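Asks: Structure file model10.pdb (PDB, C-alpha atoms) is given on the next line.
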```
ATOM      1  CA  MET A 164       5.461 -10.731  16.558
ATOM      2  CA  LYS A 165       4.811  -8.964  19.837
ATOM      3  CA  PRO A 166       1.314  -9.119  21.317
ATOM      4  CA  PRO A 167      -0.433  -5.915  22.390
ATOM      5  CA  SER A 168       0.509  -5.038  25.954
ATOM      6  CA  THR A 169      -2.347  -2.685  26.792
ATOM      7  CA  ILE A 170      -5.698  -1.652  25.396
ATOM      8  CA  ARG A 171      -6.761   1.935  25.828
ATOM      9  CA  ILE A 172     -10.478   2.686  25.869
ATOM     10  CA  ARG A 173     -11.650   6.275  26.216
ATOM     11  CA  ILE A 174     -15.234   7.473  25.983
ATOM     12  CA  VAL A 175     -16.094  11.154  26.263
ATOM     13  CA  GLU A 176     -19.674  12.430  26.112
ATOM     14  CA  ALA A 177     -20.541  16.130  25.994
ATOM     15  CA  GLY A 178     -16.989  16.978  26.992
ATOM     16  CA  LYS A 179     -17.266  14.779  30.108
ATOM     17  CA  LYS A 180     -15.067  11.708  30.531
ATOM     18  CA  ILE A 181     -17.331   8.656  30.880
ATOM     19  CA  LEU A 182     -14.628   6.050  30.706
ATOM     20  CA  SER A 183     -10.875   6.204  30.369
ATOM     21  CA  ILE A 184      -9.066   2.999  31.093
ATOM     22  CA  TRP A 185      -5.895   1.189  30.173
ATOM     23  CA  LEU A 186      -6.559  -2.563  30.206
ATOM     24  CA  PRO A 187      -3.390  -4.491  31.069
ATOM     25  CA  PHE A 188      -3.529  -6.987  28.226
ATOM     26  CA  PHE A 189      -0.046  -8.257  29.096
ATOM     27  CA  VAL A 190      -1.564 -10.062  32.097
ATOM     28  CA  VAL A 191      -3.503 -12.334  29.729
ATOM     29  CA  TRP A 192      -0.432 -13.857  28.046
ATOM     30  CA  PRO A 193       1.179 -15.586  31.061
ATOM     31  CA  LEU A 194      -2.282 -16.855  32.076
ATOM     32  CA  ALA A 195      -2.899 -18.198  28.567
ATOM     33  CA  GLY A 196       0.512 -19.911  28.664
ATOM     34  CA  VAL A 197      -0.247 -21.560  31.994
ATOM     35  CA  LEU A 198      -3.690 -22.646  30.729
ATOM     36  CA  ILE A 199      -2.209 -24.234  27.588
ATOM     37  CA  ILE A 200       0.456 -26.100  29.596
ATOM     38  CA  ALA A 201      -2.184 -27.269  32.104
ATOM     39  CA  MET A 202      -4.415 -28.521  29.282
ATOM     40  CA  LYS A 203      -1.513 -30.401  27.681
ATOM     41  CA  VAL A 204      -0.473 -31.990  30.990
ATOM     42  CA  THR A 205      -4.018 -33.074  31.904
ATOM     43  CA  GLY A 206      -4.641 -34.392  28.391
ATOM     44  CA  LYS A 207      -7.497 -32.022  27.703
ATOM     45  CA  TRP A 208      -5.662 -30.579  24.737
ATOM     46  CA  THR A 209      -8.060 -31.639  22.005
ATOM     47  CA  VAL A 210      -7.940 -31.111  18.268
ATOM     48  CA  THR A 211     -10.044 -27.957  18.630
ATOM     49  CA  SER A 212      -7.426 -26.559  21.011
ATOM     50  CA  GLU A 213      -4.973 -26.671  18.110
ATOM     51  CA  ALA A 214      -6.689 -23.474  17.003
ATOM     52  CA  ALA A 215      -5.205 -21.701  20.041
ATOM     53  CA  PRO A 216      -1.827 -20.812  18.426
ATOM     54  CA  VAL A 217      -3.608 -19.322  15.417
ATOM     55  CA  LEU A 218      -5.961 -17.431  17.715
ATOM     56  CA  ILE A 219      -2.945 -16.071  19.610
ATOM     57  CA  GLU A 220      -1.422 -15.032  16.283
ATOM     58  CA  VAL A 221      -4.606 -13.119  15.438
ATOM     59  CA  LEU A 222      -4.500 -11.423  18.848
ATOM     60  CA  CYS A 223      -0.838 -10.501  18.291
ATOM     61  CA  ALA A 224      -1.765  -9.002  14.937
ATOM     62  CA  LEU A 225      -4.174  -6.667  16.713
ATOM     63  CA  LYS A 226      -1.231  -4.578  17.964
ATOM     64  CA  GLY A 227      -1.564  -1.145  16.441
ATOM     65  CA  LEU A 228      -5.305  -1.380  15.802
ATOM     66  CA  ALA A 229      -6.850   1.996  16.520
ATOM     67  CA  VAL A 230     -10.409   3.226  16.186
ATOM     68  CA  ARG A 231     -11.205   6.872  16.855
ATOM     69  CA  VAL A 232     -14.706   8.234  16.401
ATOM     70  CA  GLU A 233     -15.616  11.751  17.440
ATOM     71  CA  ASN A 234     -18.285  14.347  16.982
ATOM     72  CA  ARG A 235     -16.969  17.849  17.432
ATOM     73  CA  GLN A 236     -20.408  19.445  17.807
ATOM     74  CA  LYS A 237     -21.600  17.093  20.556
ATOM     75  CA  ARG A 238     -18.052  16.904  21.959
ATOM     76  CA  THR A 239     -18.326  13.128  22.018
ATOM     77  CA  SER A 240     -15.567  10.674  21.227
ATOM     78  CA  VAL A 241     -14.764   7.005  21.461
ATOM     79  CA  VAL A 242     -11.171   5.824  21.232
ATOM     80  CA  VAL A 243      -9.979   2.220  21.285
ATOM     81  CA  VAL A 244      -6.266   1.571  20.748
ATOM     82  CA  PHE A 245      -4.294  -1.675  21.050
ATOM     83  CA  HIS A 246      -0.797  -0.613  22.151
TER
ATOM     84  CA  MET B 145      13.526 -16.950  -8.939
ATOM     85  CA  SER B 146      16.562 -16.030  -6.854
ATOM     86  CA  GLU B 147      19.995 -15.482  -8.384
ATOM     87  CA  GLU B 148      21.453 -18.503  -6.555
ATOM     88  CA  ARG B 149      18.759 -20.879  -7.781
ATOM     89  CA  LYS B 150      19.175 -19.622 -11.336
ATOM     90  CA  ARG B 151      22.933 -20.146 -11.167
ATOM     91  CA  ILE B 152      22.494 -23.714  -9.858
ATOM     92  CA  LEU B 153      20.024 -24.545 -12.644
ATOM     93  CA  ASP B 154      22.427 -23.059 -15.206
ATOM     94  CA  MET B 155      25.187 -25.302 -13.835
ATOM     95  CA  VAL B 156      22.917 -28.346 -14.264
ATOM     96  CA  ALA B 157      22.026 -27.271 -17.792
ATOM     97  CA  SER B 158      25.680 -26.876 -18.744
ATOM     98  CA  GLY B 159      26.528 -30.267 -17.194
ATOM     99  CA  LYS B 160      28.880 -28.891 -14.531
ATOM    100  CA  ILE B 161      26.959 -30.597 -11.700
ATOM    101  CA  THR B 162      24.613 -33.574 -11.484
ATOM    102  CA  ALA B 163      20.890 -33.390 -10.633
ATOM    103  CA  SER B 164      21.467 -34.830  -7.141
ATOM    104  CA  GLU B 165      24.227 -32.276  -6.441
ATOM    105  CA  ALA B 166      21.892 -29.535  -7.624
ATOM    106  CA  GLU B 167      19.161 -30.826  -5.316
ATOM    107  CA  ALA B 168      21.501 -30.614  -2.317
ATOM    108  CA  LEU B 169      22.558 -27.107  -3.312
ATOM    109  CA  LEU B 170      18.949 -25.969  -3.787
ATOM    110  CA  ASP B 171      18.043 -27.326  -0.345
ATOM    111  CA  ALA B 172      20.942 -25.392   1.179
ATOM    112  CA  VAL B 173      19.854 -22.192  -0.586
ATOM    113  CA  ALA B 174      16.238 -22.660   0.554
ATOM    114  CA  LEU B 175      17.409 -23.223   4.150
ATOM    115  CA  ALA B 176      19.572 -20.092   4.086
ATOM    116  CA  GLN B 177      16.695 -18.060   2.654
ATOM    117  CA  GLU B 178      14.310 -19.391   5.327
ATOM    118  CA  LYS B 179      16.743 -18.439   8.093
ATOM    119  CA  SER B 180      17.308 -14.919   6.841
ATOM    120  CA  GLY B 181      13.588 -14.561   6.130
ATOM    121  CA  SER B 182      12.420 -15.511   9.642
ATOM    122  CA  SER B 183      14.934 -13.339  11.476
ATOM    123  CA  GLY B 184      14.492 -10.234   9.461
ATOM    124  CA  ALA B 185      10.898 -10.520   8.237
ATOM    125  CA  LEU B 186       9.969  -7.063   9.464
ATOM    126  CA  VAL B 187      13.101  -5.445   8.027
ATOM    127  CA  GLN B 188      12.434  -7.235   4.756
ATOM    128  CA  ASP B 189       8.822  -5.972   4.756
ATOM    129  CA  GLN B 190      10.044  -2.428   5.285
ATOM    130  CA  LYS B 191      12.654  -2.794   2.522
ATOM    131  CA  LYS B 192      10.059  -4.185   0.127
ATOM    132  CA  GLY B 193       7.820  -1.234   0.888
ATOM    133  CA  ILE B 194       4.981  -3.368   2.221
ATOM    134  CA  PRO B 195       2.591  -1.082   4.106
ATOM    135  CA  LYS B 196       1.829  -1.896   7.733
ATOM    136  CA  PHE B 197      -1.570  -0.317   8.237
ATOM    137  CA  PHE B 198      -4.833   0.098   6.382
ATOM    138  CA  ARG B 199      -6.293   3.523   7.173
ATOM    139  CA  VAL B 200      -9.800   4.857   6.735
ATOM    140  CA  THR B 201     -10.504   8.463   7.677
ATOM    141  CA  VAL B 202     -13.827  10.221   7.408
ATOM    142  CA  ASP B 203     -14.178  13.925   8.019
ATOM    143  CA  SER B 204     -17.779  15.053   7.662
ATOM    144  CA  LYS B 205     -19.012  18.618   7.578
ATOM    145  CA  ASP B 206     -21.345  17.791  10.524
ATOM    146  CA  GLY B 207     -18.275  17.448  12.716
ATOM    147  CA  ASP B 208     -18.125  13.649  12.705
ATOM    148  CA  ASN B 209     -14.574  12.339  12.486
ATOM    149  CA  VAL B 210     -13.687   8.708  12.083
ATOM    150  CA  ASP B 211     -10.126   7.431  11.994
ATOM    151  CA  ILE B 212      -9.612   3.688  11.756
ATOM    152  CA  ARG B 213      -6.172   2.082  11.539
ATOM    153  CA  ILE B 214      -6.090  -1.656  10.936
ATOM    154  CA  PRO B 215      -2.774  -3.551  11.040
ATOM    155  CA  LEU B 216      -2.322  -5.458   7.786
ATOM    156  CA  SER B 217      -0.737  -8.295   9.738
ATOM    157  CA  LEU B 218      -4.332  -9.133  10.691
ATOM    158  CA  LEU B 219      -4.858 -10.147   7.074
ATOM    159  CA  LYS B 220      -1.973 -12.613   7.242
ATOM    160  CA  ALA B 221      -3.224 -13.998  10.554
ATOM    161  CA  GLY B 222      -6.731 -14.233   9.122
ATOM    162  CA  ILE B 223      -5.505 -16.290   6.197
ATOM    163  CA  ARG B 224      -3.809 -18.673   8.629
ATOM    164  CA  PHE B 225      -7.074 -18.799  10.538
ATOM    165  CA  SER B 226      -8.884 -19.812   7.361
ATOM    166  CA  SER B 227      -6.557 -22.821   7.077
ATOM    167  CA  LEU B 228      -8.332 -24.240  10.140
ATOM    168  CA  MET B 229     -11.555 -24.422   8.169
ATOM    169  CA  PRO B 230     -12.735 -27.960   7.465
ATOM    170  CA  PRO B 231     -12.182 -28.776   3.751
ATOM    171  CA  ALA B 232     -15.931 -29.163   3.151
ATOM    172  CA  VAL B 233     -16.580 -25.666   4.503
ATOM    173  CA  ALA B 234     -13.674 -24.188   2.509
ATOM    174  CA  ASP B 235     -15.087 -25.781  -0.655
ATOM    175  CA  LYS B 236     -18.512 -24.244   0.047
ATOM    176  CA  VAL B 237     -16.925 -20.823   0.604
ATOM    177  CA  ASN B 238     -14.938 -21.186  -2.647
ATOM    178  CA  ASP B 239     -18.136 -22.153  -4.500
ATOM    179  CA  HIS B 240     -20.002 -19.111  -3.160
ATOM    180  CA  LEU B 241     -17.060 -16.834  -4.020
ATOM    181  CA  SER B 242     -16.888 -18.168  -7.581
ATOM    182  CA  GLU B 243     -20.668 -17.652  -7.915
ATOM    183  CA  LYS B 244     -19.992 -13.980  -7.208
ATOM    184  CA  GLY B 245     -17.202 -13.932  -9.779
ATOM    185  CA  ILE B 246     -14.348 -14.071  -7.253
ATOM    186  CA  ASN B 247     -12.100 -16.940  -8.229
ATOM    187  CA  ILE B 248      -9.976 -17.367  -5.130
ATOM    188  CA  ASP B 249      -9.094 -20.758  -3.748
ATOM    189  CA  LEU B 250      -8.823 -20.274   0.008
ATOM    190  CA  ASN B 251      -6.879 -23.535   0.364
ATOM    191  CA  ASN B 252      -4.130 -22.333  -1.952
ATOM    192  CA  ILE B 253      -3.407 -18.854  -0.625
ATOM    193  CA  LYS B 254       0.231 -18.659   0.439
ATOM    194  CA  LYS B 255       2.196 -16.124   2.471
ATOM    195  CA  GLU B 256       3.938 -14.960  -0.721
ATOM    196  CA  ASP B 257       0.569 -14.233  -2.333
ATOM    197  CA  ILE B 258      -0.449 -12.120   0.651
ATOM    198  CA  ASP B 259       2.846 -10.201   0.491
ATOM    199  CA  GLU B 260       2.201  -9.503  -3.171
ATOM    200  CA  ILE B 261      -1.315  -8.237  -2.413
ATOM    201  CA  LEU B 262       0.008  -6.054   0.407
ATOM    202  CA  LEU B 263       2.753  -4.670  -1.812
ATOM    203  CA  SER B 264       0.234  -3.677  -4.457
ATOM    204  CA  LEU B 265      -1.880  -2.060  -1.738
ATOM    205  CA  SER B 266       0.928   0.419  -1.031
ATOM    206  CA  GLU B 267      -0.038   2.236  -4.227
ATOM    207  CA  MET B 268      -3.740   2.240  -3.381
ATOM    208  CA  ALA B 269      -5.389   5.485  -2.341
ATOM    209  CA  ILE B 270      -9.053   6.391  -2.511
ATOM    210  CA  ASN B 271     -10.000  10.023  -1.957
ATOM    211  CA  VAL B 272     -13.624  11.086  -1.956
ATOM    212  CA  ASP B 273     -14.538  14.758  -1.614
ATOM    213  CA  SER B 274     -18.310  15.080  -1.674
ATOM    214  CA  GLY B 275     -20.146  18.201  -2.699
ATOM    215  CA  ASP B 276     -21.419  18.845   0.802
ATOM    216  CA  GLY B 277     -17.961  18.899   2.306
ATOM    217  CA  ASP B 278     -17.493  15.314   3.492
ATOM    218  CA  LYS B 279     -14.049  13.849   2.956
ATOM    219  CA  ILE B 280     -13.225  10.157   2.918
ATOM    220  CA  ARG B 281      -9.709   8.805   2.603
ATOM    221  CA  VAL B 282      -8.783   5.146   2.257
ATOM    222  CA  PHE B 283      -5.103   4.293   1.998
ATOM    223  CA  CYS B 284      -2.291   2.098   3.309
ATOM    224  CA  GLU B 285       0.763   3.340   5.172
TER
END
```
Represent the structure contained in this file as structure tokens.
Replies:
Amino acid sequence: MKPPSTIRIRIVEAGKKILSIWLPFFVVWPLAGVLIIAMKVTGKWTVTSEAAPVLIEVLCALKGLAVRVENRQKRTSVVVVFH
Amino acid sequence: MSEERKRILDMVASGKITASEAEALLDAVALAQEKSGSSGALVQDQKKGIPKFFRVTVDSKDGDNVDIRIPLSLLKAGIRFSSLMPPAVADKVNDHLSEKGINIDLNNIKKEDIDEILLSLSEMAINVDSGDGDKIRVFCE
């Protein structure tokens, strides 16, 4: 299962763009990998850290999640998409 | 039950092979099924007709539009997440669920059960058209 590579967040209020960003989620994965290896090497990998793979699986499952809310009259919209 | 397993059990029943030979054969079949299952899980899902997304759309007459698409793989991942629950907590959750008339044992939910639930969801569609013009659609795709 591929993890989401980017998260798109777009907020428009009264027809004016308030926020429109693409968060580079793919940057998180190498960092998470390095963190896990570092924790294993230093012995700080505790039982609670065993939850990390499952947590990563949940994050991977987020790929494709999309929430779009808009009000045509107020010309307001909020869009969050995990690509 | 798969065709191969059935054939092996038939061979045992008719005395063509011994129980230990059947055990070895069943292990080999299970291994082959695991291999093909892990490599082509997505293709298999598509073939089975398992939907990939849970969709909720709301179109109100006031101009409010809501479109939510939730990947159903989140459900599978969530079930795996529930396996991390301490047994005491899982028992409490099961007790509370059974109090509400939901007899689900969280400790015994398997991937196959989830696939079955997802497959049955492919037929599910809820359409609400209210008198004042609001439309709500809930379906899987």
Asks: Residues of chain B within 10 Å of chain A, using only C-alpha atoms, as number ranges by chain?
Replies: B: 185-186, 196-204, 206-228
Asks: Residue by residue, what does the PyMOL selection byres ((chain B and resi 250) around 8) grab here? Present the result as a PyMOL selection string.
Replies: chain B and resi 226-227+234+238+248-249+251-253
Asks: In Å, with one decimal, what is the gap from atom CA of Leu170 of chain B to atom CA of Asp154 of chain B?
Replies: 12.3 Å
Asks: Could you work out how far atom CA of Ile261 of chain B lies from atom CA of Glu147 of chain B, giving the answer in Å with one decimal?
Replies: 23.3 Å
Asks: Carefully work through the PyMOL selection byres ((chain B and resi 149) around 12) for this structure and note down the residues it includes, as a PyMOL selection string.
Replies: chain B and resi 145-148+150-156+166-174+176-177
Asks: Expressed in Å to a single decimal, how great is the separation between atom CA of Thr205 of chain A and atom CA of Pro166 of chain A?
Replies: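 Pair atom CA of Thr205 of chain A / atom CA of Pro166 of chain A returns 26.7 Å.
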Asks: Quick one: residues within 7 Å of Arg171 of chain A, all atoms listed in the file counted, chain neighbours fewer than 2 positions away excluded, as a ChimeraX atom specification?
Replies: /A:169,173,184-186,243-245
Asks: Store the residues picked out above, limited to C-alpha atoms, as a JSON list (two decimals), in the frame of the given file.
Replies:
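Wrote it out as again-v2.json, contents follow:
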```json
[["chain", "number", "residue", "atom", "x", "y", "z"],
["A", 169, "THR", "CA", -2.35, -2.68, 26.79],
["A", 173, "ARG", "CA", -11.65, 6.28, 26.22],
["A", 184, "ILE", "CA", -9.07, 3.00, 31.09],
["A", 185, "TRP", "CA", -5.90, 1.19, 30.17],
["A", 186, "LEU", "CA", -6.56, -2.56, 30.21],
["A", 243, "VAL", "CA", -9.98, 2.22, 21.28],
["A", 244, "VAL", "CA", -6.27, 1.57, 20.75],
["A", 245, "PHE", "CA", -4.29, -1.68, 21.05]]
```
